[in-house]
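Worksheet: the structure to be examined is printed underneath.
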Amino acid sequence: MQTAANVLVGLVAALHGYILVLEMFLWEKKPGRGLHGFDPATAHATAPLAANQGLYNGFLAAGLVWGLIAADPTGFRVQVFFLCCVVVAGVYGAVTANRRILFAQALPGAVALAAVLLAR
(Lines give C-alpha, C1' and ligand atoms only; values in the text may rest on other atoms or scores of the structure.)
Protein backbone atom coordinates (compact mmCIF):
# COMPACT_ATOMS: atom_id res chain seq x y z
CA MET A 1 0.00 0.00 0.00
CA GLN A 2 2.91 2.35 0.69
CA THR A 3 4.09 2.09 -2.91
CA ALA A 4 0.62 2.90 -4.23
CA ALA A 5 0.39 5.88 -1.89
CA ASN A 6 3.79 7.15 -3.03
CA VAL A 7 2.79 6.80 -6.68
CA LEU A 8 -0.44 8.72 -6.08
CA VAL A 9 1.39 11.49 -4.20
CA GLY A 10 3.90 11.65 -7.06
CA LEU A 11 1.10 11.93 -9.60
CA VAL A 12 -0.54 14.76 -7.66
CA ALA A 13 2.85 16.50 -7.44
CA ALA A 14 3.32 16.08 -11.20
CA LEU A 15 -0.19 17.44 -11.83
CA HIS A 16 0.63 20.56 -9.84
CA GLY A 17 3.96 20.90 -11.61
CA TYR A 18 2.06 20.80 -14.90
CA ILE A 19 -0.39 23.41 -13.63
CA LEU A 20 2.58 25.62 -12.69
CA VAL A 21 3.94 25.41 -16.25
CA LEU A 22 0.51 25.96 -17.78
CA GLU A 23 -0.35 29.00 -15.66
CA MET A 24 3.07 30.62 -15.49
CA PHE A 25 4.50 29.98 -18.95
CA LEU A 26 1.75 28.84 -21.32
CA TRP A 27 -1.17 31.01 -20.23
CA GLU A 28 -1.07 33.25 -23.29
CA LYS A 29 -0.37 30.38 -25.67
CA LYS A 30 -2.93 27.94 -27.04
CA PRO A 31 -2.80 25.40 -24.13
CA GLY A 32 -3.41 28.08 -21.52
CA ARG A 33 -6.06 29.94 -23.47
CA GLY A 34 -7.82 26.71 -24.30
CA LEU A 35 -8.11 25.77 -20.64
CA HIS A 36 -10.59 28.57 -20.00
CA GLY A 37 -11.56 29.49 -23.57
CA PHE A 38 -9.91 32.91 -23.33
CA ASP A 39 -9.21 35.03 -26.36
CA PRO A 40 -5.66 36.43 -26.63
CA ALA A 41 -6.62 39.78 -25.06
CA THR A 42 -8.25 38.20 -22.01
CA ALA A 43 -5.34 35.78 -21.61
CA HIS A 44 -2.91 38.70 -21.73
CA ALA A 45 -4.91 40.71 -19.21
CA THR A 46 -5.16 37.79 -16.77
CA ALA A 47 -1.60 36.45 -17.21
CA PRO A 48 -0.22 38.05 -14.01
CA LEU A 49 -3.05 36.49 -11.98
CA ALA A 50 -2.50 33.11 -13.62
CA ALA A 51 1.25 33.29 -12.96
CA ASN A 52 0.53 33.92 -9.28
CA GLN A 53 -1.79 30.89 -9.18
CA GLY A 54 0.85 28.84 -10.96
CA LEU A 55 3.44 29.76 -8.36
CA TYR A 56 1.16 28.52 -5.59
CA ASN A 57 0.65 25.26 -7.47
CA GLY A 58 4.42 24.96 -7.69
CA PHE A 59 4.66 25.29 -3.91
CA LEU A 60 2.13 22.45 -3.56
CA ALA A 61 4.19 20.29 -5.92
CA ALA A 62 7.41 21.09 -4.07
CA GLY A 63 5.82 20.26 -0.72
CA LEU A 64 4.58 16.91 -2.01
CA VAL A 65 8.01 16.05 -3.39
CA TRP A 66 9.52 17.02 -0.04
CA GLY A 67 7.05 14.69 1.65
CA LEU A 68 8.10 11.86 -0.66
CA ILE A 69 11.81 12.22 0.00
CA ALA A 70 11.77 13.13 3.69
CA ALA A 71 12.18 10.38 6.25
CA ASP A 72 9.22 9.51 8.45
CA PRO A 73 7.61 10.84 10.53
CA THR A 74 8.33 14.14 8.75
CA GLY A 75 7.59 12.75 5.27
CA PHE A 76 4.21 11.40 6.33
CA ARG A 77 3.25 14.64 8.07
CA VAL A 78 4.35 16.79 5.14
CA GLN A 79 2.41 14.64 2.69
CA VAL A 80 -0.74 14.88 4.81
CA PHE A 81 -0.38 18.64 5.21
CA PHE A 82 0.19 19.38 1.52
CA LEU A 83 -2.49 16.95 0.35
CA CYS A 84 -4.95 18.67 2.69
CA CYS A 85 -3.87 21.97 1.11
CA VAL A 86 -4.51 20.50 -2.35
CA VAL A 87 -7.99 19.33 -1.35
CA VAL A 88 -8.91 22.66 0.28
CA ALA A 89 -7.62 24.62 -2.72
CA GLY A 90 -9.55 22.34 -5.07
CA VAL A 91 -12.80 22.67 -3.15
CA TYR A 92 -12.39 26.44 -2.91
CA GLY A 93 -11.60 26.68 -6.62
CA ALA A 94 -14.65 24.57 -7.46
CA VAL A 95 -16.90 26.80 -5.38
CA THR A 96 -15.48 30.13 -6.53
CA ALA A 97 -14.17 29.57 -10.06
CA ASN A 98 -15.11 26.37 -11.87
CA ARG A 99 -16.72 23.13 -10.72
CA ARG A 100 -14.27 21.23 -12.93
CA ILE A 101 -11.51 22.00 -10.39
CA LEU A 102 -13.22 19.69 -7.91
CA PHE A 103 -12.50 16.72 -10.18
CA ALA A 104 -9.17 17.90 -11.58
CA GLN A 105 -7.56 18.92 -8.28
CA ALA A 106 -9.53 18.06 -5.15
CA LEU A 107 -10.45 14.49 -6.10
CA PRO A 108 -6.90 13.35 -6.97
CA GLY A 109 -5.65 15.02 -3.79
CA ALA A 110 -8.32 13.31 -1.69
CA VAL A 111 -7.58 9.90 -3.22
CA ALA A 112 -3.85 10.35 -2.57
CA LEU A 113 -4.57 11.53 0.98
CA ALA A 114 -6.72 8.49 1.65
CA ALA A 115 -3.97 6.21 0.32
CA VAL A 116 -1.32 7.89 2.48
CA LEU A 117 -3.49 7.55 5.58
CA LEU A 118 -4.36 3.91 4.82
CA ALA A 119 -0.70 3.06 4.20
CA ARG A 120 0.21 4.35 7.66
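Each chain in the C-alpha coordinates gets a letter, A, B, ..., in the order shown, and its residues are numbered from 1; ligands are numbered from 1 in order too.
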Exercise for the section: Excluding stretch 98-115 of chain A and any residue of its chain fewer than 4 positions from it, enumerate the residues within 12 Å of it, using only C-alpha atoms, and give them as an MDAnalysis selection string. Expected result: chainID A and resid 1:16 18:19 35:36 57 60:61 64 76:94 119:120
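In this comparison, which uses only C-alpha atoms, the residue of A:Pro31, A:Gly75, A:Pro40, A:Gly17 approaching A:Ala62 most closely is A:Gly17.
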Practice task
Determine the nearest neighbour of A:Leu22 from the options A:Gly54, A:Ala45, A:Asp39, A:Thr96, counting only C-alpha atoms.
Solution key: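 Closest to A:Leu22 of all the choices is A:Gly54.
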